[in-house]
$ cat my_file_3.cif   # mmCIF, C-alpha atoms
data_upload
#
loop_
_atom_site.label_atom_id
_atom_site.label_comp_id
_atom_site.auth_asym_id
_atom_site.auth_seq_id
_atom_site.Cartn_x
_atom_site.Cartn_y
_atom_site.Cartn_z
CA MET A 388 17.69 0.51 1.59
CA THR A 389 17.96 -3.27 1.67
CA LEU A 390 16.79 -3.33 5.27
CA ALA A 391 13.66 -1.43 4.29
CA LEU A 392 13.19 -3.66 1.26
CA ARG A 393 13.54 -6.89 3.24
CA GLN A 394 11.04 -5.65 5.77
CA SER A 395 8.48 -4.83 3.11
CA LEU A 396 9.05 -8.08 1.22
CA LEU A 397 8.17 -9.93 4.43
CA GLU A 398 5.06 -7.80 4.86
CA ASN A 399 3.91 -8.64 1.35
CA LEU A 400 4.58 -12.38 1.29
CA ASP A 401 0.89 -13.21 1.68
CA ALA A 402 -0.07 -11.02 -1.26
CA ALA A 403 2.75 -12.55 -3.32
CA HIS A 404 1.63 -16.09 -2.54
CA ASN A 405 -2.04 -15.34 -3.12
CA LEU A 406 -1.37 -13.93 -6.60
CA ALA A 407 1.02 -16.77 -7.49
CA ARG A 408 -1.48 -19.38 -6.32
CA TRP A 409 -4.35 -17.92 -8.32
CA LEU A 410 -2.15 -17.60 -11.40
CA VAL A 411 -0.44 -21.00 -11.48
CA ARG A 412 -3.34 -22.86 -9.78
CA ASP A 413 -0.97 -25.26 -8.04
CA GLY A 414 0.23 -25.17 -4.44
CA ALA A 415 3.80 -26.39 -4.87
CA ALA A 416 4.35 -24.33 -8.01
CA ALA A 417 3.05 -21.20 -6.26
CA GLU A 418 5.63 -21.63 -3.51
CA ASP A 419 8.40 -22.05 -6.06
CA VAL A 420 7.25 -18.94 -7.90
CA VAL A 421 7.23 -16.87 -4.69
CA GLN A 422 10.64 -18.12 -3.67
CA GLU A 423 12.13 -17.29 -7.06
CA ALA A 424 10.43 -13.90 -7.05
CA VAL A 425 11.79 -12.97 -3.64
CA GLU A 426 15.30 -14.07 -4.64
CA ARG A 427 15.05 -11.94 -7.76
CA ALA A 428 13.69 -9.00 -5.80
CA LEU A 429 16.75 -9.12 -3.55
CA ARG A 430 19.12 -9.53 -6.47
CA TYR A 431 17.60 -6.59 -8.34
CA ALA A 432 16.98 -4.45 -5.26
CA ALA A 433 18.64 -1.53 -7.07
CA SER A 434 15.78 -1.36 -9.57
CA TRP A 435 13.28 -0.68 -6.79
CA ARG A 436 12.38 2.99 -6.85
CA GLY A 437 11.59 3.04 -3.17
CA ASP A 438 7.85 3.36 -3.56
CA ASN A 439 5.03 0.85 -3.51
CA PRO A 440 7.00 -2.32 -2.70
CA ARG A 441 3.85 -4.41 -2.93
CA ALA A 442 3.24 -3.53 -6.58
CA TRP A 443 6.92 -4.01 -7.34
CA LEU A 444 7.06 -7.47 -5.74
CA LEU A 445 3.77 -8.56 -7.33
CA GLN A 446 5.08 -7.47 -10.71
CA ILE A 447 8.03 -9.85 -10.26
CA VAL A 448 5.77 -12.63 -8.96
CA ARG A 449 3.56 -12.21 -12.00
CA THR A 450 6.50 -12.44 -14.40
CA ARG A 451 7.74 -15.61 -12.69
CA ALA A 452 4.26 -17.13 -12.71
CA TYR A 453 3.85 -16.48 -16.43
CA ALA A 454 7.30 -17.99 -17.07
CA TRP A 455 6.23 -21.10 -15.16
CA LEU A 456 2.97 -21.31 -17.12
CA ALA A 457 4.76 -20.89 -20.44
CA GLU A 458 7.25 -23.61 -19.59
CA ARG A 459 4.51 -26.00 -18.67
CA ARG A 460 2.48 -25.21 -21.73
CA ASP A 461 5.43 -26.29 -23.86
CA LYS A 462 5.56 -29.66 -22.15
CA ALA A 463 1.91 -30.57 -22.09
CA GLU A 464 -1.05 -28.54 -23.15
CA VAL A 465 -3.66 -29.17 -20.50
CA PRO A 466 -6.56 -26.75 -20.63
CA TRP A 467 -7.90 -26.04 -17.15
CA ASP A 468 -11.43 -26.85 -18.21
CA ASP A 469 -10.37 -30.48 -18.53
CA ILE A 470 -9.10 -30.60 -15.00
CA VAL A 471 -12.06 -29.01 -13.24
CA PRO A 472 -15.40 -29.68 -14.88
CA LEU A 473 -17.30 -26.44 -15.25
CA THR A 474 -20.71 -27.98 -15.58
CA ASP A 475 -23.32 -26.65 -13.23
CA PRO A 476 -23.13 -28.30 -9.85
CA ALA A 477 -26.64 -29.70 -9.85
CA PRO A 478 -29.61 -29.78 -12.16
CA ASP A 479 -31.93 -29.21 -9.22
CA PRO A 480 -32.33 -25.42 -8.84
CA GLU A 481 -32.70 -25.62 -5.08
CA ALA A 482 -29.54 -27.63 -4.66
CA ALA A 483 -27.74 -25.26 -7.01
CA LEU A 484 -28.55 -22.45 -4.61
CA SER A 485 -26.57 -24.07 -1.83
CA SER A 486 -23.97 -21.48 -1.01
CA GLN A 487 -21.13 -23.94 -0.73
CA GLN A 488 -21.74 -25.15 -4.26
CA GLN A 489 -22.12 -21.59 -5.45
CA ARG A 490 -18.79 -20.75 -3.93
CA LEU A 491 -17.11 -23.74 -5.52
CA GLY A 492 -18.73 -22.86 -8.82
CA LEU A 493 -17.47 -19.31 -8.65
CA GLU A 494 -13.98 -20.43 -7.68
CA ALA A 495 -13.87 -22.82 -10.62
CA ALA A 496 -15.20 -20.14 -12.94
CA LEU A 497 -12.57 -17.66 -11.81
CA LEU A 498 -9.85 -20.28 -12.22
CA ALA A 499 -11.08 -20.97 -15.73
CA LEU A 500 -10.84 -17.34 -16.85
CA PRO A 501 -7.83 -16.40 -18.99
CA ALA A 502 -4.92 -15.46 -16.70
CA GLU A 503 -4.94 -11.83 -17.93
CA LEU A 504 -8.52 -11.39 -16.76
CA ARG A 505 -8.17 -13.50 -13.62
CA GLU A 506 -5.19 -11.57 -12.28
CA CYS A 507 -7.03 -8.26 -12.59
CA LEU A 508 -9.93 -9.56 -10.51
CA VAL A 509 -7.65 -11.12 -7.90
CA LEU A 510 -5.66 -7.89 -7.54
CA ARG A 511 -8.80 -5.78 -7.37
CA GLU A 512 -11.16 -7.89 -5.27
CA LEU A 513 -8.77 -9.85 -3.05
CA GLU A 514 -5.90 -7.38 -2.75
CA GLU A 515 -8.07 -4.26 -3.09
CA MET A 516 -5.51 -2.56 -5.29
CA PRO A 517 -6.40 0.67 -7.09
CA TYR A 518 -6.44 0.60 -10.92
CA ARG A 519 -3.12 2.44 -11.05
CA ASP A 520 -1.34 -0.26 -9.04
CA ILE A 521 -2.94 -3.08 -11.03
CA ALA A 522 -1.70 -1.37 -14.18
CA ARG A 523 1.80 -1.31 -12.75
CA VAL A 524 1.75 -4.97 -11.75
CA THR A 525 0.36 -6.16 -15.07
CA GLY A 526 2.28 -3.72 -17.25
CA VAL A 527 -0.72 -2.40 -19.19
CA PRO A 528 -2.45 1.02 -19.22
CA VAL A 529 -5.22 1.76 -16.73
CA GLY A 530 -7.78 1.68 -19.54
CA THR A 531 -6.82 -1.90 -20.35
CA VAL A 532 -7.13 -2.83 -16.68
CA MET A 533 -10.67 -1.42 -16.68
CA SER A 534 -11.65 -3.29 -19.78
CA ARG A 535 -10.16 -6.56 -18.50
CA LEU A 536 -11.99 -6.18 -15.21
CA TRP A 537 -15.18 -5.53 -17.12
CA ARG A 538 -14.77 -8.61 -19.32
CA ALA A 539 -13.90 -10.79 -16.33
CA ARG A 540 -16.89 -9.61 -14.33
CA ARG A 541 -19.31 -9.88 -17.20
CA ALA A 542 -18.18 -13.46 -17.81
CA LEU A 543 -18.71 -14.39 -14.17
CA ILE A 544 -22.05 -12.61 -13.89
CA GLU A 545 -23.33 -14.25 -17.07
CA ARG A 546 -22.19 -17.61 -15.86
CA GLY A 547 -23.97 -17.11 -12.53
CA ALA A 548 -27.17 -16.08 -14.28
CA ARG A 549 -27.24 -19.08 -16.59
CA PRO A 550 -30.16 -21.40 -15.89
CA MET B 425 -25.84 15.57 -21.58
CA THR B 426 -27.40 12.20 -20.99
CA LEU B 427 -25.38 9.14 -20.28
CA HIS B 428 -25.46 6.14 -22.57
CA CYS B 429 -25.63 2.63 -21.16
CA ASP B 430 -22.22 1.76 -22.62
CA GLU B 431 -20.62 4.49 -20.60
CA ALA B 432 -22.81 3.91 -17.57
CA ARG B 433 -21.52 0.33 -17.36
CA LEU B 434 -17.92 1.45 -17.03
CA LEU B 435 -18.98 4.07 -14.50
CA ALA B 436 -20.86 1.43 -12.50
CA GLN B 437 -17.71 -0.63 -12.37
CA ALA B 438 -15.56 2.37 -11.40
CA GLU B 439 -18.08 3.21 -8.69
CA LEU B 440 -17.78 -0.31 -7.28
CA ASP B 441 -14.00 -0.04 -7.38
CA ASP B 442 -13.98 3.26 -5.54
CA GLU B 443 -12.48 5.04 -8.53
CA LEU B 444 -15.36 7.36 -9.35
CA ASP B 445 -15.44 11.04 -8.46
CA ALA B 446 -18.55 12.58 -6.95
CA GLY B 447 -19.68 14.32 -10.15
CA ARG B 448 -19.61 11.17 -12.26
CA ALA B 449 -21.22 9.20 -9.44
CA ALA B 450 -24.15 11.61 -9.51
CA GLU B 451 -24.48 11.20 -13.29
CA LEU B 452 -24.51 7.45 -12.86
CA ALA B 453 -27.11 7.57 -10.10
CA ALA B 454 -29.35 9.76 -12.28
CA HIS B 455 -28.98 7.35 -15.17
CA ALA B 456 -29.60 4.24 -13.08
CA ALA B 457 -32.76 5.79 -11.65
CA ASN B 458 -34.29 5.63 -15.13
CA CYS B 459 -32.56 2.57 -16.56
CA LYS B 460 -33.55 -0.81 -15.20
CA ASP B 461 -30.69 -2.62 -16.92
CA CYS B 462 -28.02 -0.41 -15.44
CA ALA B 463 -29.63 -0.51 -12.00
CA GLN B 464 -29.58 -4.30 -12.23
CA LEU B 465 -25.97 -4.25 -13.36
CA ARG B 466 -24.96 -2.24 -10.31
CA GLN B 467 -26.57 -4.88 -8.11
CA ASP B 468 -24.95 -7.73 -10.02
CA LEU B 469 -21.51 -6.15 -9.79
CA SER B 470 -21.81 -5.60 -6.08
CA GLY B 471 -23.16 -9.10 -5.50
CA LEU B 472 -20.31 -10.63 -7.48
CA SER B 473 -17.78 -8.55 -5.58
CA GLY B 474 -19.12 -9.85 -2.26
CA ARG B 475 -18.91 -13.45 -3.44
CA LEU B 476 -15.39 -13.00 -4.86
CA ARG B 477 -14.20 -11.56 -1.58
CA ALA B 478 -15.42 -14.69 0.19
CA LEU B 479 -13.16 -16.86 -1.96
CA PRO B 480 -10.03 -18.35 -0.37
CA TYR B 481 -7.15 -15.98 0.22
CA HIS B 482 -3.99 -18.03 -0.14
CA ARG B 483 -1.68 -16.81 2.62
CA ALA B 484 1.98 -17.77 2.39
CA PRO B 485 2.35 -21.18 4.08
CA ASP B 486 4.46 -21.24 7.24
CA ALA B 487 7.06 -23.52 5.64
CA LEU B 488 7.61 -21.06 2.79
CA ARG B 489 7.73 -18.14 5.19
CA ALA B 490 10.32 -19.96 7.28
CA ARG B 491 12.43 -20.77 4.20
CA LEU B 492 12.40 -17.16 3.09
CA ALA B 493 12.79 -15.68 6.55
CA SER B 494 16.49 -16.53 6.61
CA ASN B 495 16.93 -14.58 3.36
CA LEU B 496 14.84 -11.71 4.57
CA THR B 497 15.72 -11.29 8.21
CA PRO B 498 18.40 -8.67 8.60
CA PRO B 499 21.45 -9.50 10.70
CA ALA B 500 20.67 -9.06 14.40
CA THR B 501 22.86 -6.01 14.90
CA ALA B 502 19.99 -3.52 14.88
CA PRO B 503 17.87 -3.27 18.04
CA ARG B 504 14.81 -5.54 18.01
CA ARG B 505 11.79 -3.73 16.74
CA ARG B 506 9.39 -5.18 19.23
CA TRP B 507 7.06 -2.20 19.13
CA LEU B 508 6.68 -2.53 15.39
CA GLY B 509 3.17 -3.97 15.40
CA THR B 510 1.86 -6.08 12.59
CA GLY B 511 -0.52 -3.31 11.63
CA THR B 512 2.28 -0.88 10.96
CA GLY B 513 2.31 -0.02 7.29
CA PHE B 514 5.17 -0.20 4.90
CA ALA B 515 6.01 3.45 5.16
CA ALA B 516 6.45 3.12 8.89
CA GLY B 517 8.67 0.11 8.35
CA PHE B 518 10.70 2.09 5.86
CA ALA B 519 11.13 5.07 8.15
CA LEU B 520 11.96 2.93 11.14
CA ALA B 521 14.35 0.73 9.21
CA ALA B 522 16.12 3.78 7.82
CA ALA B 523 16.29 5.30 11.25
CA LEU B 524 17.54 2.11 12.86
CA ALA B 525 20.14 1.65 10.17
CA ALA B 526 21.44 5.09 11.02
CA PHE B 527 21.41 4.28 14.72
CA ALA B 528 23.49 1.21 14.10
CA ILE B 529 26.41 3.28 12.87
CA LEU B 530 26.20 5.85 15.64
CA PRO B 531 28.82 5.57 18.38
CA ARG B 532 27.85 3.60 21.44
CA GLY B 533 26.01 5.47 24.15
CA ALA B 534 22.90 7.46 23.40
CA PRO B 535 23.69 10.65 21.52
CA ASP B 536 22.12 13.78 22.96
CA MET B 537 18.85 15.04 21.60
CA THR B 538 20.44 17.82 19.55
CA SER B 539 22.64 15.33 17.69
CA GLN B 540 19.73 12.98 17.18
CA LEU B 541 17.63 15.79 15.73
CA VAL B 542 20.38 17.02 13.43
CA ASN B 543 21.07 13.46 12.29
CA ALA B 544 17.41 12.87 11.63
CA HIS B 545 17.22 16.14 9.69
CA LEU B 546 20.27 15.22 7.60
CA ARG B 547 18.93 11.77 6.93
CA SER B 548 15.66 13.17 5.68
CA LEU B 549 17.51 15.41 3.21
CA GLN B 550 20.11 12.90 2.03
CA ALA B 551 18.05 9.77 1.65
CA GLU B 552 15.43 11.55 -0.46
CA HIS B 553 13.12 10.41 2.23
CA LEU B 554 11.59 13.66 3.32
CA VAL B 555 8.03 12.39 3.56
CA ASP B 556 6.15 9.11 3.81
CA VAL B 557 2.87 10.79 3.09
CA ARG B 558 2.72 13.69 0.68
CA ALA B 559 0.47 16.58 1.53
CA SER B 560 -1.93 18.25 -0.79
CA ASP B 561 -3.41 19.63 2.39
CA GLN B 562 -2.99 18.88 6.09
CA HIS B 563 -6.20 16.86 6.19
CA GLN B 564 -4.37 14.02 4.45
CA VAL B 565 -1.39 14.05 6.73
CA LYS B 566 -3.08 13.98 10.12
CA PRO B 567 -5.07 10.78 9.59
CA TRP B 568 -1.97 9.09 8.19
CA PHE B 569 -0.39 9.18 11.65
CA THR B 570 -3.39 7.49 13.21
CA GLY B 571 -2.48 3.95 14.15
CA ARG B 572 1.21 4.59 13.53
CA LEU B 573 1.78 6.54 16.74
CA ASP B 574 0.38 6.30 20.23
CA TYR B 575 -0.46 10.02 20.19
CA ALA B 576 -2.16 12.36 17.75
CA PRO B 577 0.25 15.05 16.54
CA PRO B 578 -1.30 18.36 15.48
CA VAL B 579 -0.72 19.02 11.77
CA ARG B 580 -0.85 22.63 10.61
CA GLU B 581 0.15 24.66 7.60
CA PRO B 582 1.15 28.14 8.76
CA ALA B 583 0.80 30.94 6.20
CA GLY B 584 3.98 31.40 4.18
CA TYR B 585 5.18 27.83 4.72
CA THR B 586 4.38 24.90 2.46
CA LEU B 587 3.62 21.62 4.19
CA LEU B 588 5.37 18.95 2.09
CA GLY B 589 4.14 16.01 4.10
CA GLY B 590 4.76 13.85 7.14
CA ARG B 591 6.83 10.85 8.03
CA LEU B 592 7.81 8.74 10.99
CA ASP B 593 11.23 9.20 12.54
CA VAL B 594 12.83 7.67 15.59
CA LEU B 595 14.05 9.86 18.46
CA GLU B 596 15.13 8.58 21.85
CA GLY B 597 14.24 5.10 20.67
CA ARG B 598 10.57 5.78 19.97
CA PRO B 599 8.70 6.62 16.78
CA VAL B 600 7.70 10.27 16.51
CA ALA B 601 5.92 12.46 13.99
CA ALA B 602 8.03 14.57 11.65
CA LEU B 603 6.49 17.23 9.43
CA ALA B 604 8.46 18.68 6.53
CA TYR B 605 7.95 22.28 5.41
CA ARG B 606 9.45 24.36 2.66
CA SER B 607 10.10 28.04 3.09
CA MET B 608 11.82 29.83 0.21
CA GLN B 609 14.62 27.41 -0.68
CA HIS B 610 14.88 25.92 2.81
CA THR B 611 13.53 22.76 4.34
CA ILE B 612 12.26 22.84 7.91
CA ASN B 613 11.71 19.60 9.75
CA LEU B 614 9.29 19.89 12.65
CA TYR B 615 9.31 17.05 15.18
CA VAL B 616 6.18 16.75 17.26
CA LEU B 617 6.53 14.82 20.54
CA PRO B 618 4.00 14.36 23.30
CA GLY B 619 4.59 15.98 26.69
CA ASP B 620 6.14 19.21 27.98
CA ARG B 621 9.88 19.63 28.19
CA GLY B 622 10.12 23.10 29.67
CA PRO B 623 10.37 26.60 28.19
CA GLU B 624 11.62 27.55 24.74
CA THR B 625 15.28 26.86 24.04
CA SER B 626 17.46 27.04 20.99
CA SER B 627 20.73 25.44 20.01
CA GLN B 628 23.06 25.07 17.09
CA GLN B 629 25.02 22.19 15.66
CA SER B 630 26.88 21.56 12.41
CA GLY B 631 25.46 24.73 10.91
CA PHE B 632 21.85 23.88 11.70
CA ASN B 633 19.59 25.75 14.04
CA LEU B 634 17.20 24.04 16.43
CA LEU B 635 14.33 25.62 18.28
CA ARG B 636 12.21 23.88 20.86
CA TRP B 637 8.95 25.17 22.23
CA GLN B 638 5.74 23.76 23.52
CA GLN B 639 2.08 24.20 22.91
CA ASP B 640 -1.03 22.33 24.00
CA GLY B 641 0.92 19.62 25.82
CA MET B 642 3.14 18.88 22.82
CA THR B 643 6.84 19.55 22.44
CA LEU B 644 7.76 20.99 19.06
CA TRP B 645 11.26 20.85 17.71
CA ALA B 646 12.16 22.67 14.51
CA VAL B 647 15.42 21.90 12.72
CA SER B 648 16.65 23.75 9.66
CA ASP B 649 19.41 25.71 8.04
CA VAL B 650 17.30 28.88 8.26
CA SER B 651 18.44 31.42 10.85
CA LEU B 652 17.31 31.20 14.43
CA GLU B 653 15.21 34.31 13.86
CA GLY B 654 13.64 32.54 10.89
CA LEU B 655 12.79 29.55 13.07
CA ARG B 656 11.23 31.86 15.68
CA SER B 657 9.00 33.38 12.98
CA PHE B 658 8.06 29.86 11.95
CA ALA B 659 7.21 28.98 15.56
CA ARG B 660 5.07 32.12 15.92
CA ALA B 661 3.25 31.37 12.69
CA TRP B 662 2.72 27.76 13.78
CA ASN B 663 1.33 28.79 17.19
CA GLN B 664 -1.10 31.23 15.57
CA THR B 665 -2.39 28.74 13.04
CA PRO B 666 -5.58 27.09 14.23
#

$ encode --input "my_file_3.cif" --output "structure tokens"
Amino acid sequence: MTLALRQSLLENLDAAHNLARWLVRDGAAAEDVVQEAVERALRYAASWRGDNPRAWLLQIVRTRAYAWLAERRDKAEVPWDDIVPLTDPAPDPEAALSSQQQRLGLEAALLALPAELRECLVLRELEEMPYRDIARVTGVPVGTVMSRLWRARRALIERGARP
Amino acid sequence: MTLHCDEARLLAQAELDDELDAGRAAELAAHAANCKDCAQLRQDLSGLSGRLRALPYHRAPDALRARLASNLTPPATAPRRRWLGTGTGFAAGFALAAALAAFAILPRGAPDMTSQLVNAHLRSLQAEHLVDVRASDQHQVKPWFTGRLDYAPPVREPAGYTLLGGRLDVLEGRPVAALAYRSMQHTINLYVLPGDRGPETSSQQSGFNLLRWQQDGMTLWAVSDVSLEGLRSFARAWNQTP
């Protein structure tokens, strides 16, 4: 059982790091979160039901990431919007269409979404997880996943459409 | 009943996420044909999805991978799994790891095929690891093997036998297809290997019956606690199933 678990943890390290990185928005912290999560996964191997190791690991990563965020929030409240300015990249419409700037704009907009919405989009669009698995990782019903995805997408679409 | 835009929006999202059944998809298409807003929304959603997928995917850095590898690499007692390609899915890893773990405790020297088959059969029953892919019908099981094996095992559901699903097992040091069937209260494991191994033979070990036969260039090996006559009926039914 542990052999199988170790193997699948290794296979899902990229997914674990990607989620952690998008949640904590900091390279070093993401690595710490993944390391802690893997250590926990091994310690609590008995609670793994033997199915869907990716969802199980990501669930632990998510919990660790939220713990890290909560700890930091206690120390210093720094809203993300203050770190990355979300103003439009350029007043000139032609320049604004440059795809590089569009990409940076979208990345910043995704990073600025509330974590609960951001994680749903990351799991869906970057990990291509089905609703059921996203619900398992985030610990909410499938209906809530759908509504969070909808709110996240609407926010990003509206932002993109803004003049 | 006509669809309202509120509902159509959620359907448009579910369609994008590949979570919409054909009937609802048709309703949505009919609605979007007459509703400019919802047609536009479908485009917006798909455009956004494309742009999101182009965002950076943060792979685990090599340094982190190296740090964790010592925690995660099993002791080097098991044979190296060189043929375990990177594309092999988790389920394959699970089956192989389970199989290799069992190999590690076997006595030195390769056990004969009968022992290997009986061990594999026992393992599948004890470890609650009968199937990696559950079958609602055989059309789900066959494609699952694609890319996990270097041959395409035939998957059939003979009348009177319920196909539970398929999994990978290791025999003679190579991954092979195993199909699990239920008949009355009994489980039959059918191992499908490429190549001919001669005419039908049967054997018995530890209270289990084994029957080997061949068809269409494949060797089929059934293992179960059903009687030998029962296995022969199974083989006949299998051969007659298209």

$ resolve_selection --input "my_file_3.cif" --expression "the PyMOL selection byres ((chain B and resi 432) around 9)" --output "MDAnalysis selection string"
chainID B and resid 427:431 433:437 451:452 455:456 462

$ resolve_selection --input "my_file_3.cif" --expression "the PyMOL selection byres ((chain A and resi 510) around 10)" --output "ChimeraX atom specification"
/A:402,405-406,442,445,505-509,511-518,520-521,524-525

$ atom_distance --input "my_file_3.cif" --atom1 "CA of Ile612 in chain B" --atom2 "CA of Gln564 in chain B"
19.1 Å

$ interface_residues --input "my_file_3.cif" --of "chain A" --to "chain B" --cutoff "6 Å" --atoms "only C-alpha atoms" --output "VMD selection string"
chain A and resid 391 393 395 401 404 to 405 513

$ atom_distance --input "my_file_3.cif" --atom1 "CA of Leu429 in chain A" --atom2 "CA of Val448 in chain A"
12.7 Å
